$ cat coords38.txt   # compact mmCIF, C-alpha atoms
# COMPACT_ATOMS: atom_id res chain seq x y z
CA MET A 1 -6.84 -25.80 2.99
CA ASN A 2 -4.83 -28.99 3.36
CA GLU A 3 -5.42 -31.31 6.32
CA ASN A 4 -2.04 -30.63 8.02
CA LYS A 5 -2.60 -26.85 8.07
CA GLN A 6 -6.13 -27.36 9.36
CA GLN A 7 -4.91 -29.53 12.25
CA ALA A 8 -2.07 -27.10 12.99
CA MET A 9 -4.66 -24.35 13.36
CA GLN A 10 -6.64 -26.46 15.83
CA VAL A 11 -3.75 -26.98 18.26
CA SER A 12 -0.85 -24.60 18.98
CA ALA A 13 2.82 -25.60 18.94
CA LEU A 14 4.51 -27.05 22.01
CA ARG A 15 8.01 -25.90 22.98
CA ASN A 16 8.88 -28.76 25.38
CA GLY A 17 6.72 -31.60 26.59
CA THR A 18 4.76 -34.59 25.43
CA VAL A 19 2.02 -35.12 22.89
CA ILE A 20 -0.11 -38.24 23.23
CA ASP A 21 -1.69 -38.74 19.83
CA HIS A 22 -3.99 -41.25 18.13
CA ILE A 23 -5.98 -41.91 21.30
CA PRO A 24 -9.27 -43.58 20.36
CA ALA A 25 -11.89 -40.87 21.01
CA GLU A 26 -13.83 -43.12 23.40
CA LYS A 27 -10.67 -43.66 25.51
CA LEU A 28 -9.54 -40.01 25.71
CA PHE A 29 -11.10 -39.16 29.06
CA ALA A 30 -9.92 -42.45 30.59
CA VAL A 31 -6.35 -41.39 29.73
CA VAL A 32 -7.03 -37.87 31.08
CA ASN A 33 -8.20 -39.36 34.40
CA LEU A 34 -5.39 -41.92 34.52
CA LEU A 35 -2.74 -39.21 34.21
CA ASN A 36 -4.48 -36.92 36.73
CA ILE A 37 -4.38 -34.10 34.22
CA ALA A 38 -6.84 -32.01 36.26
CA ASP A 39 -4.18 -31.78 38.99
CA MET A 40 -1.32 -30.69 36.70
CA ASN A 41 0.10 -27.18 36.79
CA SER A 42 1.41 -27.43 33.22
CA ASN A 43 -0.38 -26.07 30.17
CA VAL A 44 -2.54 -28.85 28.78
CA THR A 45 -4.38 -28.99 25.47
CA ILE A 46 -6.97 -31.70 24.94
CA GLY A 47 -8.33 -32.36 21.48
CA TYR A 48 -11.48 -34.46 21.23
CA ASN A 49 -13.12 -35.93 18.13
CA LEU A 50 -10.35 -34.72 15.82
CA GLU A 51 -10.39 -36.15 12.30
CA SER A 52 -8.16 -39.20 11.80
CA LYS A 53 -7.69 -41.35 8.71
CA LYS A 54 -6.59 -44.26 10.90
CA LEU A 55 -9.26 -44.06 13.63
CA GLY A 56 -12.04 -41.94 12.14
CA LYS A 57 -12.17 -39.78 15.29
CA LYS A 58 -9.28 -39.45 17.71
CA GLY A 59 -8.18 -37.71 20.85
CA LEU A 60 -4.95 -35.84 21.49
CA ILE A 61 -3.32 -34.56 24.68
CA LYS A 62 -0.48 -32.03 24.69
CA ILE A 63 1.27 -31.37 28.00
CA SER A 64 3.88 -28.66 28.33
CA GLU A 65 7.07 -29.40 30.29
CA ARG A 66 5.93 -32.92 31.21
CA PHE A 67 7.61 -36.21 30.31
CA PHE A 68 6.40 -39.65 31.35
CA SER A 69 8.04 -42.52 33.22
CA ASP A 70 7.95 -46.09 31.90
CA ASP A 71 5.28 -47.00 34.49
CA GLU A 72 3.06 -44.14 33.32
CA ILE A 73 3.54 -45.16 29.70
CA ASN A 74 2.67 -48.77 30.58
CA LYS A 75 -0.53 -47.56 32.26
CA ILE A 76 -1.44 -45.59 29.16
CA SER A 77 -0.90 -48.72 27.04
CA LEU A 78 -3.37 -50.63 29.23
CA VAL A 79 -6.09 -48.02 28.79
CA ALA A 80 -5.43 -47.11 25.16
CA PRO A 81 -3.08 -49.51 23.34
CA ASN A 82 -1.27 -48.24 20.24
CA VAL A 83 -1.31 -44.51 21.00
CA VAL A 84 1.61 -42.49 19.65
CA LEU A 85 3.80 -40.68 22.18
CA ASN A 86 5.80 -37.71 20.86
CA THR A 87 8.53 -36.13 22.95
CA ILE A 88 9.05 -32.47 22.03
CA ARG A 89 12.14 -30.33 22.73
CA ASP A 90 12.57 -26.82 21.32
CA TYR A 91 9.49 -27.30 19.10
CA ASN A 92 11.01 -30.42 17.50
CA VAL A 93 9.88 -34.02 17.81
CA ILE A 94 12.94 -35.78 19.22
CA GLU A 95 11.23 -39.13 19.78
CA LYS A 96 8.08 -40.62 18.31
CA ARG A 97 6.98 -44.05 19.38
CA GLU A 98 3.92 -46.20 19.29
CA VAL A 99 3.06 -47.27 22.80
CA LYS A 100 2.63 -51.03 23.07
CA MET A 101 1.56 -53.16 25.98
CA PRO A 102 4.59 -54.67 27.67
CA ASP A 103 4.85 -58.48 27.72
CA GLU A 104 4.60 -58.46 31.52
CA ILE A 105 2.82 -56.01 33.81
CA ASP A 106 3.93 -55.73 37.43
CA ASN A 107 1.91 -54.08 40.18
CA LEU A 108 -0.28 -51.94 37.89
CA ILE A 109 -3.47 -54.03 37.72
CA LYS A 110 -5.67 -55.56 40.41
CA CYS A 111 -6.58 -59.20 39.85
CA ASN A 112 -10.34 -59.70 39.33
CA ASN A 113 -10.27 -63.04 41.15
CA LEU A 114 -11.20 -62.30 44.78
CA ASN A 115 -9.54 -65.57 45.83
CA CYS A 116 -6.21 -64.69 44.20
CA ILE A 117 -3.33 -64.54 46.65
CA THR A 118 -2.60 -60.95 45.54
CA ASN A 119 -5.99 -59.90 46.94
CA ASN A 120 -5.44 -61.68 50.25
CA GLU A 121 -1.74 -61.21 50.99
CA PRO A 122 0.48 -58.10 50.78
CA MET A 123 2.19 -58.86 47.49
CA ALA A 124 2.56 -57.30 44.06
CA THR A 125 0.41 -58.42 41.17
CA HIS A 126 1.98 -59.83 38.04
CA PHE A 127 0.23 -60.27 34.70
CA TYR A 128 1.45 -61.32 31.31
CA VAL A 129 -0.13 -60.86 27.91
CA ALA A 130 -2.08 -63.98 27.01
CA ASN A 131 -3.37 -62.67 23.67
CA ARG A 132 -2.40 -59.31 22.11
CA ASP A 133 -5.13 -59.45 19.46
CA THR A 134 -7.95 -59.74 22.00
CA HIS A 135 -6.13 -57.62 24.64
CA THR A 136 -6.27 -60.46 27.16
CA LEU A 137 -4.00 -60.59 30.21
CA LYS A 138 -3.43 -63.53 32.56
CA CYS A 139 -2.58 -63.43 36.27
CA ARG A 140 0.66 -65.22 37.05
CA TYR A 141 -0.66 -66.57 40.35
CA CYS A 142 -4.24 -67.71 39.79
CA GLU A 143 -4.15 -67.77 35.95
CA LYS A 144 -7.42 -65.83 35.69
CA GLU A 145 -7.71 -64.11 32.33
CA VAL A 146 -8.99 -60.55 32.03
CA ASN A 147 -9.68 -58.30 29.06
CA LEU A 148 -8.28 -54.77 29.06
CA ASP A 149 -11.82 -53.40 29.08
CA ASP A 150 -12.37 -55.08 32.48
CA ILE A 151 -9.15 -54.20 34.32
CA LYS A 152 -8.88 -52.15 37.48
CA LEU A 153 -5.66 -50.17 37.81
CA LEU A 154 -3.95 -49.99 41.20
$ encode --input "coords38.txt" --output "structure tokens"
Amino acid sequence: MNENKQQAMQVSALRNGTVIDHIPAEKLFAVVNLLNIADMNSNVTIGYNLESKKLGKKGLIKISERFFSDDEINKISLVAPNVVLNTIRDYNVIEKREVKMPDEIDNLIKCNNLNCITNNEPMATHFYVANRDTHTLKCRYCEKEVNLDDIKLL
């Protein structure tokens, strides 16, 4: 049996909704928690440790009748950069895009520096990407650098 048929048998077709694919297996449940999937009323399919030529093992989330805002997509990119987001309508993929970290991230991450003004005054945080290869972000206000593995989402 070829690989495409085998994967098709593992996960049923989606009429309308979103498929988040190529999630690194170790990040799957972080994305599930981030999106509050346990609280959704939609049909949700979660695939864990699926075979992937690109990643070895991957995760996949299919959510019926659910489409994501730019802020939600940006949050996903902070937890699992480079996932593929497929928008499905009438069983057809109408949009397929690789989710990338935005150049600037506003009010999604808490600064790790306790002395940062954003932790002591009522103001939004603002980070920019300092290094895409190492997944390093830098606070606009205190210039503290933080790796994606160490961030705390707001």
$ residues_around --input "coords38.txt" --residues "stretch 26-36 of chain A" --least-positions-apart "3" --cutoff "6 Å" --atoms "all atoms listed in the file" --output "number ranges by chain"
A: 23, 39, 59
$ closest_residue --input "coords38.txt" --among "A:Asn92, A:Asn119, A:Glu145, A:His22" --to "A:Asn131" --atoms "all atoms listed in the file"
A:Glu145
$ closest_residue --input "coords38.txt" --among "A:Ser69, A:Thr136, A:Asn115, A:Ser42" --to "A:Leu85" --atoms "all atoms listed in the file"
A:Ser69
$ axis_aligned_box --input "coords38.txt" --around "stretch 29-41 of chain A" --padding-each-side "3 Å" --output "AutoDock Vina command-line options"
--center_x -5.5 --center_y -34.8 --center_z 34.0 --size_x 17.2 --size_y 21.3 --size_z 15.9
$ closest_residue --input "coords38.txt" --among "A:Ala124, A:Glu65, A:Val129, A:Cys111" --to "A:Asp90" --atoms "all atoms listed in the file"
A:Glu65
$ residues_near_point --input "coords38.txt" --point "(-0.5, -61.5, 45.3)" --cutoff "12 Å" --atoms "all atoms listed in the file" --output "CSV table (one decimal) with C-alpha atoms, in the coordinates of the input"
chain,number,residue,atom,x,y,z
A,106,ASP,CA,3.9,-55.7,37.4
A,107,ASN,CA,1.9,-54.1,40.2
A,109,ILE,CA,-3.5,-54.0,37.7
A,110,LYS,CA,-5.7,-55.6,40.4
A,111,CYS,CA,-6.6,-59.2,39.8
A,112,ASN,CA,-10.3,-59.7,39.3
A,113,ASN,CA,-10.3,-63.0,41.2
A,114,LEU,CA,-11.2,-62.3,44.8
A,115,ASN,CA,-9.5,-65.6,45.8
A,116,CYS,CA,-6.2,-64.7,44.2
A,117,ILE,CA,-3.3,-64.5,46.6
A,118,THR,CA,-2.6,-61.0,45.5
A,119,ASN,CA,-6.0,-59.9,46.9
A,120,ASN,CA,-5.4,-61.7,50.2
A,121,GLU,CA,-1.7,-61.2,51.0
A,122,PRO,CA,0.5,-58.1,50.8
A,123,MET,CA,2.2,-58.9,47.5
A,124,ALA,CA,2.6,-57.3,44.1
A,125,THR,CA,0.4,-58.4,41.2
A,126,HIS,CA,2.0,-59.8,38.0
A,127,PHE,CA,0.2,-60.3,34.7
A,139,CYS,CA,-2.6,-63.4,36.3
A,140,ARG,CA,0.7,-65.2,37.0
A,141,TYR,CA,-0.7,-66.6,40.4
A,142,CYS,CA,-4.2,-67.7,39.8
A,143,GLU,CA,-4.2,-67.8,36.0
$ atom_distance --input "coords38.txt" --atom1 "atom CA of A:Asp103" --atom2 "atom CA of A:Asn147"
14.6 Å
$ residues_around --input "coords38.txt" --residues "A:Val83" --least-positions-apart "2" --cutoff "9 Å" --atoms "only C-alpha atoms" --output "MDAnalysis selection string"
chainID A and resid 20:24 76:77 80:81 85 97:100
$ atom_distance --input "coords38.txt" --atom1 "atom CA of A:Ile37" --atom2 "atom CA of A:Ile105"
23.1 Å
$ atom_distance --input "coords38.txt" --atom1 "atom CA of A:Lys62" --atom2 "atom CA of A:Gly17"
7.5 Å
$ closest_residue --input "coords38.txt" --among "A:Ile61, A:Leu50, A:Leu108, A:Ile94" --to "A:Ala25" --atoms "only C-alpha atoms"
A:Leu50
$ build_atoms --input "coords38.txt" --residues "stretch 64-84 of chain A" --atoms "N, CA and C atoms" --output "PDB file, keeping the file's coordinate frame"
ATOM      1  N   SER A  64       2.646 -29.447  28.327  1.00  0.00           N
ATOM      2  CA  SER A  64       3.880 -28.660  28.330  1.00  0.00           C
ATOM      3  C   SER A  64       4.754 -29.044  29.520  1.00  0.00           C
ATOM      4  N   GLU A  65       6.060 -29.153  29.249  1.00  0.00           N
ATOM      5  CA  GLU A  65       7.070 -29.400  30.290  1.00  0.00           C
ATOM      6  C   GLU A  65       6.796 -30.667  31.103  1.00  0.00           C
ATOM      7  N   ARG A  66       6.219 -31.671  30.491  1.00  0.00           N
ATOM      8  CA  ARG A  66       5.930 -32.920  31.210  1.00  0.00           C
ATOM      9  C   ARG A  66       6.365 -34.096  30.355  1.00  0.00           C
ATOM     10  N   PHE A  67       7.126 -35.006  30.968  1.00  0.00           N
ATOM     11  CA  PHE A  67       7.610 -36.210  30.310  1.00  0.00           C
ATOM     12  C   PHE A  67       7.238 -37.390  31.201  1.00  0.00           C
ATOM     13  N   PHE A  68       6.986 -38.543  30.611  1.00  0.00           N
ATOM     14  CA  PHE A  68       6.400 -39.650  31.350  1.00  0.00           C
ATOM     15  C   PHE A  68       7.399 -40.763  31.639  1.00  0.00           C
ATOM     16  N   SER A  69       7.223 -41.377  32.821  1.00  0.00           N
ATOM     17  CA  SER A  69       8.040 -42.520  33.220  1.00  0.00           C
ATOM     18  C   SER A  69       7.553 -43.772  32.488  1.00  0.00           C
ATOM     19  N   ASP A  70       8.344 -44.828  32.528  1.00  0.00           N
ATOM     20  CA  ASP A  70       7.950 -46.090  31.900  1.00  0.00           C
ATOM     21  C   ASP A  70       6.668 -46.644  32.521  1.00  0.00           C
ATOM     22  N   ASP A  71       6.507 -46.523  33.844  1.00  0.00           N
ATOM     23  CA  ASP A  71       5.280 -47.000  34.490  1.00  0.00           C
ATOM     24  C   ASP A  71       4.053 -46.248  33.991  1.00  0.00           C
ATOM     25  N   GLU A  72       4.184 -44.930  33.839  1.00  0.00           N
ATOM     26  CA  GLU A  72       3.060 -44.140  33.320  1.00  0.00           C
ATOM     27  C   GLU A  72       2.726 -44.527  31.887  1.00  0.00           C
ATOM     28  N   ILE A  73       3.754 -44.758  31.095  1.00  0.00           N
ATOM     29  CA  ILE A  73       3.540 -45.160  29.700  1.00  0.00           C
ATOM     30  C   ILE A  73       2.885 -46.540  29.647  1.00  0.00           C
ATOM     31  N   ASN A  74       3.298 -47.446  30.524  1.00  0.00           N
ATOM     32  CA  ASN A  74       2.670 -48.770  30.580  1.00  0.00           C
ATOM     33  C   ASN A  74       1.202 -48.666  30.970  1.00  0.00           C
ATOM     34  N   LYS A  75       0.875 -47.770  31.885  1.00  0.00           N
ATOM     35  CA  LYS A  75      -0.530 -47.560  32.260  1.00  0.00           C
ATOM     36  C   LYS A  75      -1.333 -47.048  31.070  1.00  0.00           C
ATOM     37  N   ILE A  76      -0.754 -46.107  30.343  1.00  0.00           N
ATOM     38  CA  ILE A  76      -1.440 -45.590  29.160  1.00  0.00           C
ATOM     39  C   ILE A  76      -1.717 -46.721  28.182  1.00  0.00           C
ATOM     40  N   SER A  77      -0.739 -47.615  28.002  1.00  0.00           N
ATOM     41  CA  SER A  77      -0.900 -48.720  27.040  1.00  0.00           C
ATOM     42  C   SER A  77      -2.011 -49.675  27.466  1.00  0.00           C
ATOM     43  N   LEU A  78      -2.300 -49.756  28.753  1.00  0.00           N
ATOM     44  CA  LEU A  78      -3.370 -50.630  29.230  1.00  0.00           C
ATOM     45  C   LEU A  78      -4.748 -50.020  28.996  1.00  0.00           C
ATOM     46  N   VAL A  79      -4.818 -48.699  29.006  1.00  0.00           N
ATOM     47  CA  VAL A  79      -6.090 -48.020  28.790  1.00  0.00           C
ATOM     48  C   VAL A  79      -6.342 -47.786  27.303  1.00  0.00           C
ATOM     49  N   ALA A  80      -5.296 -47.419  26.581  1.00  0.00           N
ATOM     50  CA  ALA A  80      -5.430 -47.110  25.160  1.00  0.00           C
ATOM     51  C   ALA A  80      -4.207 -47.647  24.403  1.00  0.00           C
ATOM     52  N   PRO A  81      -4.217 -48.939  24.071  1.00  0.00           N
ATOM     53  CA  PRO A  81      -3.080 -49.510  23.340  1.00  0.00           C
ATOM     54  C   PRO A  81      -2.888 -48.826  21.988  1.00  0.00           C
ATOM     55  N   ASN A  82      -1.653 -48.731  21.565  1.00  0.00           N
ATOM     56  CA  ASN A  82      -1.270 -48.240  20.240  1.00  0.00           C
ATOM     57  C   ASN A  82      -1.353 -46.728  20.053  1.00  0.00           C
ATOM     58  N   VAL A  83      -1.401 -45.959  21.153  1.00  0.00           N
ATOM     59  CA  VAL A  83      -1.310 -44.510  21.000  1.00  0.00           C
ATOM     60  C   VAL A  83       0.108 -44.161  20.565  1.00  0.00           C
ATOM     61  N   VAL A  84       0.288 -42.954  20.057  1.00  0.00           N
ATOM     62  CA  VAL A  84       1.610 -42.490  19.650  1.00  0.00           C
ATOM     63  C   VAL A  84       2.057 -41.421  20.640  1.00  0.00           C
TER      64      VAL A  84
END
